[in-house]
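**Q** Handing over start.cif, mmCIF, C-alpha atoms.
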```
data_query
loop_
_atom_site.label_atom_id
_atom_site.label_comp_id
_atom_site.auth_asym_id
_atom_site.auth_seq_id
_atom_site.Cartn_x
_atom_site.Cartn_y
_atom_site.Cartn_z
CA MET A 303 9.82 8.96 20.71
CA LYS A 304 7.31 10.51 23.08
CA PHE A 305 7.10 14.21 23.81
CA SER A 306 8.37 13.61 27.35
CA GLU A 307 11.60 12.28 25.82
CA PHE A 308 12.11 15.25 23.50
CA PRO A 309 15.10 17.43 24.51
CA GLN A 310 13.94 20.73 26.03
CA SER A 311 17.17 22.35 24.91
CA VAL A 312 16.05 21.98 21.28
CA ILE A 313 12.75 23.74 22.02
CA LYS A 314 14.53 26.58 23.82
CA GLU A 315 17.03 26.99 20.99
CA ASN A 316 14.21 27.20 18.48
CA VAL A 317 12.28 29.80 20.48
CA ASP A 318 15.44 31.93 20.42
CA TYR A 319 15.82 31.18 16.71
CA THR A 320 12.21 32.22 16.08
CA ILE A 321 12.59 35.58 17.80
CA LYS A 322 15.82 36.27 15.95
CA GLU A 323 14.32 35.25 12.60
CA ILE A 324 11.09 37.21 13.02
CA THR A 325 13.10 40.30 13.89
CA ASN A 326 15.32 39.72 10.87
CA VAL A 327 12.39 39.16 8.48
CA ILE A 328 10.64 42.37 9.57
CA LYS A 329 13.82 44.45 9.39
CA LYS A 330 14.87 43.01 6.04
CA TYR A 331 11.55 42.59 4.21
CA GLY A 332 9.18 44.86 6.13
CA PRO A 333 5.38 44.56 6.15
CA ARG A 334 4.06 41.90 3.79
CA GLU A 335 0.89 42.77 1.89
CA SER A 336 -0.80 39.68 0.49
CA GLY A 337 0.73 38.80 -2.86
CA ASN A 338 3.43 41.48 -2.92
CA GLU A 339 7.17 41.17 -3.46
CA ASN A 340 7.95 41.41 0.27
CA CYS A 341 5.80 38.35 0.93
CA LEU A 342 7.56 36.31 -1.72
CA ALA A 343 11.01 37.51 -0.65
CA ALA A 344 10.31 36.46 2.94
CA GLN A 345 9.06 33.07 1.73
CA LYS A 346 12.22 32.60 -0.35
CA HIS A 347 14.26 33.41 2.74
CA ILE A 348 12.35 30.74 4.68
CA LYS A 349 12.65 28.22 1.84
CA LYS A 350 16.43 28.62 1.92
CA GLU A 351 16.36 27.81 5.63
CA MET A 352 14.02 24.83 5.18
CA ASP A 353 16.14 23.37 2.39
CA THR A 354 18.68 22.43 5.07
CA PHE A 355 16.32 20.20 7.06
CA CYS A 356 13.54 19.21 4.61
CA ASP A 357 13.57 16.43 2.04
CA GLU A 358 11.58 18.63 -0.33
CA THR A 359 10.49 22.26 -0.58
CA ARG A 360 8.36 23.80 -3.29
CA PHE A 361 6.30 26.83 -4.24
CA GLU A 362 2.85 26.79 -5.79
CA SER A 363 1.48 30.03 -7.27
CA TYR A 364 -2.07 31.23 -7.77
CA LYS A 365 -3.97 34.42 -8.61
CA MET A 366 -5.78 36.57 -6.06
CA SER A 367 -7.14 40.07 -5.55
CA PRO A 368 -5.66 41.25 -2.23
CA LYS A 369 -7.89 44.30 -1.76
CA ALA A 370 -11.20 42.63 -2.67
CA PHE A 371 -11.71 41.21 0.81
CA LEU A 372 -11.86 44.58 2.63
CA GLN A 373 -12.22 47.20 -0.10
CA TRP A 374 -15.97 46.68 0.15
CA THR A 375 -15.87 48.80 3.32
CA LYS A 376 -15.18 51.85 1.13
CA PHE A 377 -17.77 50.96 -1.50
CA VAL A 378 -20.52 50.07 0.95
CA SER A 379 -20.04 53.11 3.16
CA VAL A 380 -19.98 55.56 0.23
CA ALA A 381 -23.01 53.92 -1.41
CA ILE A 382 -25.12 54.16 1.76
CA ILE A 383 -24.03 57.73 2.54
CA LEU A 384 -24.86 58.89 -0.99
CA ALA A 385 -28.20 57.08 -1.02
CA VAL A 386 -29.28 58.62 2.28
CA VAL A 387 -28.09 62.15 1.49
CA VAL A 388 -29.29 62.31 -2.13
CA CYS A 389 -32.69 60.80 -1.34
CA GLY A 390 -32.99 63.08 1.67
CA VAL A 391 -32.40 66.13 -0.48
CA LEU A 392 -34.98 64.94 -3.03
CA VAL A 393 -37.55 64.32 -0.30
CA PHE A 394 -37.12 67.63 1.49
CA THR A 395 -37.18 69.62 -1.75
CA GLY A 396 -40.39 67.90 -2.74
CA VAL A 397 -38.98 66.17 -5.82
CA THR A 398 -39.97 62.70 -4.65
CA ALA A 399 -42.08 60.99 -2.00
CA TYR A 400 -40.88 59.53 1.31
CA PHE A 401 -41.66 55.97 0.34
CA VAL A 402 -39.63 56.26 -2.89
CA ALA A 403 -36.63 57.41 -0.88
CA GLN A 404 -37.20 54.56 1.57
CA CYS A 405 -37.24 52.09 -1.31
CA VAL A 406 -33.93 53.37 -2.68
CA VAL A 407 -32.17 53.51 0.70
CA GLY A 408 -33.52 50.10 1.69
CA ALA A 409 -32.34 48.54 -1.57
CA VAL A 410 -28.84 50.03 -1.26
CA ILE A 411 -28.52 48.87 2.35
CA PHE A 412 -29.77 45.37 1.47
CA VAL A 413 -27.16 45.00 -1.27
CA SER A 414 -24.48 46.39 1.05
CA LEU A 415 -25.34 43.96 3.83
CA PHE A 416 -25.35 41.10 1.32
CA ILE A 417 -21.82 42.03 0.20
CA THR A 418 -20.72 42.28 3.85
CA VAL A 419 -22.08 38.83 4.67
CA MET A 420 -20.58 37.23 1.56
CA GLU A 421 -17.11 38.71 2.07
CA PHE A 422 -16.65 39.27 5.80
CA LEU A 423 -18.83 36.54 7.30
CA MET A 424 -18.70 33.76 4.69
CA TYR A 425 -15.31 34.64 3.13
CA LYS A 426 -16.64 34.10 -0.38
CA GLN A 427 -14.59 35.47 -3.28
CA PHE A 428 -17.55 37.63 -4.17
CA MET A 429 -15.89 40.94 -5.10
CA ASP A 430 -12.68 39.59 -6.63
CA VAL A 431 -13.92 39.92 -10.20
CA PHE A 432 -13.87 43.73 -9.83
CA TYR A 433 -10.25 44.01 -8.66
CA LYS A 434 -6.79 43.62 -10.12
CA LYS A 435 -5.26 40.20 -9.60
CA VAL A 436 -1.70 39.54 -8.45
CA GLU A 437 0.29 36.34 -8.06
CA GLY A 438 0.36 34.81 -4.61
CA HIS A 439 2.53 31.91 -3.48
CA ASN A 440 2.19 29.04 -1.03
CA LEU A 441 5.32 27.29 0.23
CA LEU A 442 5.52 23.67 1.39
CA GLY A 443 8.35 21.90 3.18
CA VAL A 444 8.27 18.10 3.63
CA ARG A 445 10.05 15.67 5.94
CA LYS A 446 9.43 12.22 4.54
CA PRO A 447 9.25 9.06 6.68
CA ARG A 448 11.64 6.13 6.40
CA GLY A 449 8.95 3.86 4.97
CA GLU A 450 5.62 4.12 3.21
CA VAL A 451 3.61 7.27 3.89
CA LYS A 452 0.51 6.23 5.82
CA ARG A 453 -0.13 9.47 7.70
CA ARG A 454 0.53 13.12 7.03
CA ILE A 455 0.38 16.04 9.46
CA ILE A 456 0.79 19.59 8.22
CA ILE A 457 1.61 22.55 10.45
CA SER A 458 0.49 25.73 8.72
CA GLY A 459 0.96 29.45 9.22
CA HIS A 460 0.35 32.45 6.97
CA ILE A 461 3.14 34.88 6.19
CA ASP A 462 1.19 37.88 4.89
CA SER A 463 0.31 40.73 7.23
CA ALA A 464 -2.82 42.83 7.46
CA TYR A 465 -3.83 46.28 6.35
CA GLU A 466 -4.06 48.52 9.38
CA TRP A 467 -7.41 48.72 11.18
CA ARG A 468 -7.74 52.27 12.54
CA HIS A 469 -10.45 51.34 15.06
CA ILE A 470 -7.97 49.16 16.97
CA LEU A 471 -4.98 51.48 16.51
CA TYR A 472 -6.81 54.47 18.03
CA GLY A 473 -8.97 52.49 20.43
CA LYS A 474 -6.24 51.17 22.70
CA LYS A 475 -7.97 52.31 25.91
CA PHE A 476 -11.48 52.68 24.50
CA PRO A 477 -13.55 49.98 22.74
CA LEU A 478 -13.65 51.98 19.51
CA MET A 479 -13.89 48.82 17.42
CA THR A 480 -16.98 47.61 19.27
CA VAL A 481 -18.69 51.01 19.24
CA CYS A 482 -18.02 51.80 15.58
CA MET A 483 -18.78 48.36 14.17
CA GLY A 484 -21.88 48.14 16.35
CA ALA A 485 -23.07 51.51 15.05
CA THR A 486 -22.44 50.67 11.39
CA ILE A 487 -23.80 47.12 11.32
CA GLY A 488 -26.58 47.79 13.81
CA GLY A 489 -27.54 51.04 12.10
CA ALA A 490 -27.66 49.35 8.70
CA PHE A 491 -29.93 46.54 9.93
CA ILE A 492 -32.27 48.97 11.70
CA SER A 493 -32.40 51.23 8.64
CA LEU A 494 -33.28 48.26 6.45
CA ILE A 495 -36.12 47.26 8.77
CA ILE A 496 -37.35 50.86 8.93
CA SER A 497 -37.36 51.12 5.15
CA VAL A 498 -39.41 47.95 4.79
CA ILE A 499 -41.95 49.05 7.41
CA ALA A 500 -42.20 52.56 5.92
CA VAL A 501 -42.89 51.20 2.44
CA ILE A 502 -45.56 48.83 3.79
CA ALA A 503 -47.12 51.68 5.77
CA GLU A 504 -47.48 53.69 2.56
CA PHE A 505 -49.90 51.10 1.16
CA ALA A 506 -51.44 49.61 4.31
CA ASP A 507 -53.38 51.28 7.11
CA MET A 508 -51.12 51.03 10.17
CA GLY A 509 -52.71 53.90 12.08
CA ALA A 510 -50.62 56.46 13.93
CA PHE A 511 -47.59 54.19 13.83
CA GLY A 512 -47.77 53.95 10.07
CA GLU A 513 -48.14 57.70 9.72
CA PHE A 514 -45.10 58.24 11.92
CA MET A 515 -43.03 55.75 9.90
CA THR A 516 -43.90 57.36 6.57
CA GLN A 517 -43.32 60.92 7.78
CA TYR A 518 -40.44 60.80 10.27
CA SER A 519 -38.57 57.48 10.15
CA TYR A 520 -36.28 58.69 7.39
CA TYR A 521 -34.38 60.78 9.92
CA PHE A 522 -32.84 57.60 11.39
CA HIS A 523 -31.08 56.95 8.10
CA PHE A 524 -28.99 60.06 8.68
CA PHE A 525 -27.62 58.42 11.84
CA THR A 526 -26.71 55.37 9.76
CA ALA A 527 -25.02 57.59 7.16
CA VAL A 528 -22.93 59.27 9.88
CA ALA A 529 -21.96 55.84 11.29
CA MET A 530 -20.84 54.80 7.80
CA ILE A 531 -18.12 57.45 7.93
CA THR A 532 -16.38 55.30 10.55
CA LEU A 533 -16.68 52.27 8.23
CA PHE A 534 -15.11 54.28 5.41
CA LEU A 535 -12.17 55.10 7.71
CA PHE A 536 -11.94 51.56 9.12
CA VAL A 537 -9.13 50.16 6.94
CA ASP A 538 -5.96 52.08 6.08
CA PHE A 539 -4.81 50.43 2.86
CA LYS A 540 -1.60 52.51 2.81
CA THR A 541 -0.32 51.12 6.11
CA ILE A 542 0.43 47.44 6.65
CA SER A 543 1.09 45.77 9.98
CA PRO A 544 4.60 44.35 10.54
CA GLY A 545 2.82 41.09 11.41
CA ALA A 546 5.31 39.85 14.01
CA ASN A 547 2.72 37.99 16.06
CA ASP A 548 0.00 37.75 13.40
CA ASN A 549 1.36 35.72 11.90
CA LEU A 550 5.12 35.25 11.80
CA THR A 551 4.76 33.34 15.08
CA GLY A 552 2.50 30.88 13.25
CA THR A 553 4.82 30.83 10.24
CA TYR A 554 7.82 29.91 12.37
CA ALA A 555 5.76 27.42 14.37
CA ALA A 556 5.46 25.50 11.10
CA VAL A 557 9.12 26.01 10.14
CA THR A 558 10.58 25.09 13.52
CA ALA A 559 8.34 22.04 13.91
CA LEU A 560 10.40 20.43 11.15
CA ARG A 561 13.63 22.06 12.32
CA MET A 562 13.19 20.70 15.85
CA LEU A 563 12.53 17.18 14.58
CA ASP A 564 15.68 17.42 12.49
CA MET A 565 17.81 18.74 15.36
CA ALA A 566 16.58 15.96 17.66
CA GLY A 567 17.19 13.30 15.01
CA VAL A 568 13.54 12.24 14.86
CA ASP A 569 12.58 10.21 11.79
CA PHE A 570 9.14 8.64 11.69
CA GLU A 571 8.47 5.28 10.13
CA ASN A 572 5.23 6.10 8.29
CA THR A 573 4.31 9.72 9.11
CA GLU A 574 5.10 12.58 6.77
CA VAL A 575 5.45 15.96 8.51
CA CYS A 576 4.98 19.14 6.48
CA ALA A 577 5.30 22.88 7.02
CA MET A 578 2.90 24.98 4.94
CA ILE A 579 3.52 28.74 4.64
CA THR A 580 0.47 30.31 2.99
CA ASP A 581 -0.04 33.75 1.49
CA GLY A 582 -3.38 35.53 1.24
CA GLU A 583 -4.92 34.74 4.62
CA GLU A 584 -5.35 38.46 5.29
CA ALA A 585 -6.93 38.78 1.84
CA GLY A 586 -9.78 36.44 2.81
CA LEU A 587 -8.07 33.03 3.13
CA ARG A 588 -7.26 33.09 -0.59
CA GLY A 589 -4.06 31.03 -0.39
CA CYS A 590 -5.39 28.14 1.64
CA LYS A 591 -8.63 28.09 -0.36
CA GLN A 592 -6.57 27.54 -3.51
CA TRP A 593 -4.35 24.94 -1.81
CA ALA A 594 -7.39 23.03 -0.54
CA LYS A 595 -8.88 23.02 -4.03
CA ASP A 596 -5.66 21.83 -5.67
CA HIS A 597 -4.83 19.13 -3.10
CA TYR A 598 -8.24 17.80 -2.09
CA ASP A 599 -7.79 14.38 -3.68
CA GLU A 600 -4.29 14.02 -2.24
CA TYR A 601 -5.45 14.86 1.28
CA VAL A 602 -8.84 13.13 1.27
CA ASN A 603 -8.92 10.32 -1.30
CA SER A 604 -5.33 9.03 -1.47
CA GLY A 605 -5.56 6.68 1.51
CA VAL A 606 -3.03 8.76 3.48
CA GLU A 607 -4.64 10.04 6.67
CA THR A 608 -4.03 13.81 6.58
CA ALA A 609 -4.61 16.52 9.17
CA ILE A 610 -3.72 20.22 9.12
CA LEU A 611 -2.97 22.20 12.28
CA CYS A 612 -3.16 25.92 11.50
CA VAL A 613 -1.29 28.13 13.95
CA ASP A 614 -2.32 31.77 14.07
CA THR A 615 -0.65 34.07 16.64
CA LEU A 616 1.22 32.71 19.66
CA THR A 617 1.28 35.72 21.96
CA ASP A 618 -1.32 36.00 24.72
CA LEU A 619 -0.62 32.86 26.73
CA GLU A 620 -3.78 33.09 28.84
CA TYR A 621 -5.77 32.75 25.60
CA LEU A 622 -3.87 29.77 24.19
CA ASN A 623 -6.72 27.53 23.05
CA VAL A 624 -7.77 24.96 20.49
CA TYR A 625 -10.21 26.80 18.23
CA ASN A 626 -12.59 24.06 17.17
CA ARG A 627 -15.14 26.58 15.84
CA ASP A 628 -14.18 29.16 13.26
CA MET A 629 -15.32 31.79 10.75
CA THR A 630 -17.43 33.71 13.26
CA GLY A 631 -18.69 30.42 14.65
CA THR A 632 -20.12 29.15 11.35
CA VAL A 633 -17.51 26.41 10.76
CA LYS A 634 -16.92 23.45 13.09
CA HIS A 635 -13.52 21.79 12.82
CA ASN A 636 -12.88 18.06 13.00
CA GLN A 637 -13.62 17.11 16.61
CA LYS A 638 -11.28 14.09 16.71
CA PHE A 639 -8.32 16.16 15.58
CA SER A 640 -9.26 19.05 17.86
CA GLN A 641 -9.43 16.61 20.77
CA LEU A 642 -6.06 15.13 19.78
CA VAL A 643 -4.49 18.59 19.98
CA MET A 644 -6.17 19.20 23.34
CA ASP A 645 -5.01 15.85 24.73
CA SER A 646 -1.51 16.53 23.40
CA ALA A 647 -1.47 19.86 25.23
CA VAL A 648 -2.30 18.08 28.49
CA GLU A 649 0.44 15.53 27.83
CA ALA A 650 2.89 18.40 27.30
CA GLY A 651 1.97 19.78 30.72
CA HIS A 652 -0.54 22.42 29.66
CA ASP A 653 -3.96 21.48 31.00
CA ASP A 654 -5.47 24.96 30.98
CA LEU A 655 -6.34 25.09 27.28
CA LYS A 656 -10.00 25.19 26.29
CA PHE A 657 -12.01 24.67 23.14
CA ALA A 658 -12.80 28.10 21.77
CA ASN A 659 -14.54 29.88 18.93
CA VAL A 660 -13.10 32.37 16.43
CA PHE A 661 -16.18 34.54 16.88
CA PHE A 662 -14.95 37.50 14.82
CA GLY A 663 -13.07 36.70 11.62
CA SER A 664 -11.50 33.44 10.56
CA SER A 665 -8.33 31.38 10.37
CA ASP A 666 -6.91 29.38 7.46
CA ALA A 667 -8.23 26.25 9.15
CA ALA A 668 -11.80 27.25 8.24
CA ALA A 669 -11.01 27.11 4.53
CA PHE A 670 -9.56 23.61 4.83
CA THR A 671 -12.49 22.39 6.92
CA GLN A 672 -14.99 23.88 4.48
CA ALA A 673 -13.24 21.98 1.68
CA GLY A 674 -13.66 18.72 3.61
CA ILE A 675 -10.02 18.43 4.76
CA THR A 676 -9.35 17.55 8.41
CA SER A 677 -8.14 20.66 10.18
CA THR A 678 -8.20 22.69 13.38
CA CYS A 679 -6.61 25.86 14.77
CA LEU A 680 -4.22 26.60 17.63
CA ALA A 681 -3.91 30.25 18.63
CA ALA A 682 -3.09 32.50 21.57
CA MET A 683 -4.56 35.97 21.12
CA ASP A 684 -6.79 38.13 23.26
CA PRO A 685 -10.16 38.03 21.43
CA ALA A 686 -11.03 41.55 22.64
CA PRO A 687 -9.12 41.87 20.19
CA ALA A 688 -5.52 42.48 21.26
CA ASP A 689 -4.26 46.06 20.96
CA TYR A 690 -1.59 44.98 18.43
CA TYR A 691 -4.07 43.18 16.18
CA HIS A 692 -3.92 44.41 12.56
CA ASN A 693 -1.93 47.55 13.25
CA ARG A 694 1.61 48.94 13.50
CA ARG A 695 2.03 47.83 17.12
CA ASP A 696 2.36 44.19 15.97
CA ASN A 697 6.16 44.40 15.85
CA TYR A 698 9.01 42.24 17.08
CA ASP A 699 9.18 44.11 20.39
CA ARG A 700 5.78 42.57 21.25
CA LEU A 701 6.87 38.94 20.91
CA VAL A 702 6.31 36.74 23.99
CA PRO A 703 8.89 33.92 24.23
CA GLU A 704 6.92 31.95 26.83
CA ALA A 705 3.82 31.87 24.63
CA ILE A 706 5.90 30.74 21.65
CA LYS A 707 7.55 28.01 23.75
CA THR A 708 4.23 26.71 25.05
CA GLY A 709 2.78 26.66 21.54
CA TYR A 710 5.79 24.71 20.27
CA GLU A 711 5.40 22.14 23.02
CA VAL A 712 1.74 21.59 22.14
CA ILE A 713 2.62 21.27 18.43
CA LEU A 714 5.40 18.76 19.01
CA SER A 715 3.23 16.70 21.34
CA THR A 716 0.49 16.70 18.69
CA ILE A 717 2.91 15.49 16.02
CA PHE A 718 4.13 12.61 18.19
CA ASN A 719 0.60 11.55 19.13
CA PHE A 720 -0.59 11.76 15.54
CA ASP A 721 2.34 9.56 14.52
CA GLN A 722 1.41 6.99 17.15
CA ASN A 723 -2.35 6.83 16.69
CA GLY A 724 -3.50 9.07 13.85
CA LEU A 725 -7.03 10.27 14.53
CA GLY A 726 -7.94 6.90 16.02
#
```
As structure tokens, please, write out the structure in this file.
**A**
Amino acid sequence: MKFSEFPQSVIKENVDYTIKEITNVIKKYGPRESGNENCLAAQKHIKKEMDTFCDETRFESYKMSPKAFLQWTKFVSVAIILAVVVCGVLVFTGVTAYFVAQCVVGAVIFVSLFITVMEFLMYKQFMDVFYKKVEGHNLLGVRKPRGEVKRRIIISGHIDSAYEWRHILYGKKFPLMTVCMGATIGGAFISLIISVIAVIAEFADMGAFGEFMTQYSYYFHFFTAVAMITLFLFVDFKTISPGANDNLTGTYAAVTALRMLDMAGVDFENTEVCAMITDGEEAGLRGCKQWAKDHYDEYVNSGVETAILCVDTLTDLEYLNVYNRDMTGTVKHNQKFSQLVMDSAVEAGHDDLKFANVFFGSSDAAAFTQAGITSTCLAAMDPAPADYYHNRRDNYDRLVPEAIKTGYEVILSTIFNFDQNGLG
């Protein structure tokens, strides 16, 4: 079957099903912190549904530290504020010299920036060792082909929802996120540079500039310390987004991909189609990182051509794109698979998609690509970011049926084209 032959009534019915199910999941299970009981309960609910149209469904569990990914914002901000204030007091009371204070502040900021890069830019599990671990779960549903499995396509979405980001919640009409993050990150980098120059100036003759740096540059650190207050307030760990769009739309894109094939009576000869519902994406891609580690040989060395299409938020239709670059632009997804998704979108009647870059943050696809597994990302979210992103506004009343429908059409077209040609 080609996508053009697929019954539109099935797609429409599944868009309605998706909206009803997302509403039901939020009302029944509430916000879903990575690794908590609500996450697992929602996954069990979905497994029960998938049991009716999948040949196999199964859970795989793993350990993760849900707060390690963003708790550094508290640690880093407090460390820098204390370093600046305490050293400032020591300097102005004559207990220590300017350059000693510069050394301390510079060292604290360097370590803080290193932690920020490792966790927030590179998504390394750098701070996990310091935090309590909980059990997370990944769920897989499989529709097997009639014959030998020669190809495998996996549609993936994460079910956990995010801790609330106050900058976006209170910055609906003002770019609070941009201003605050610019002040904290920019201030930290400038303070680090100032500290290095001031220490050098203490031992090298730099003229009037050097004298100024040793005597007055410390005052800039107080600006950085004030900016760090906004970083401390950035994440509200007591409030969790309902996660209707980010990412129950992606979750149900995976579920309904298999459900639609079942309803239309589509059975492939040699292509296995899977739905993967991960946990821990909002905790730093922990779930998919573990899945990629556990299934690398199966997906790369088994002789079965495997590709993973991660779907993350189907809401802002004008921003529906194939994200072939990820993790703040540091990861490049498989170009053949990305092009296949793009070509499939055109075949489904949507020729306005573009290749795009997840320039702030990351999707699950980045973890699979980093592990050497063929993957790419399909998403539709305003990169500004959207006013519902990671806050309480991301509820079922913000769902956009037309965006969900368009996403489903692209996904189905991709599945059919992958079945026909693989990545060739």
**Q** Which is closest to A:Met515 among A:Phe720, A:Ala555, A:Tyr465, A:Gln404, if we use only C-alpha atoms?
**A**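 So, comparing all the options, the nearest one is A:Gln404.
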**Q** Skipping near chain neighbours, those fewer than 5 positions away, what residues fall within 12 Å of A:Gln310 using only C-alpha atoms, listed as a list of chain:residue names?
**A** A:Phe305, A:Glu315, A:Asn316, A:Val317, A:Met562, A:Met565, A:Ala566, A:Ala650, A:Lys707, A:Thr708, A:Tyr710, A:Glu711, A:Leu714
**Q** Centre and edge lengths, as lines of an AutoDock Vina configuration file, for the axis-aligned box enclosing every listed atom of stretch 328-339 of chain A with 5 Å of padding on each of the six sides, in Å to one decimal?
**A**
```
center_x = 7.0
center_y = 41.8
center_z = 3.1
size_x = 25.7
size_y = 16.1
size_z = 23.0
```
**Q** Of the residues A:Thr395, A:Leu619, A:Val312, A:Leu680, which is the one nearest to A:Gln641, using all atoms listed in the file?
**A**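 With all atoms listed in the file as the atom set, the closest residue is A:Leu680.
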**Q** Measuring between all atoms listed in the file, which one of A:Asp645, A:Glu351, A:Asp696, A:Glu571 shows the shortest distance to A:Val451?
**A**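 Using all atoms listed in the file, A:Val451 sits closest to A:Glu571.
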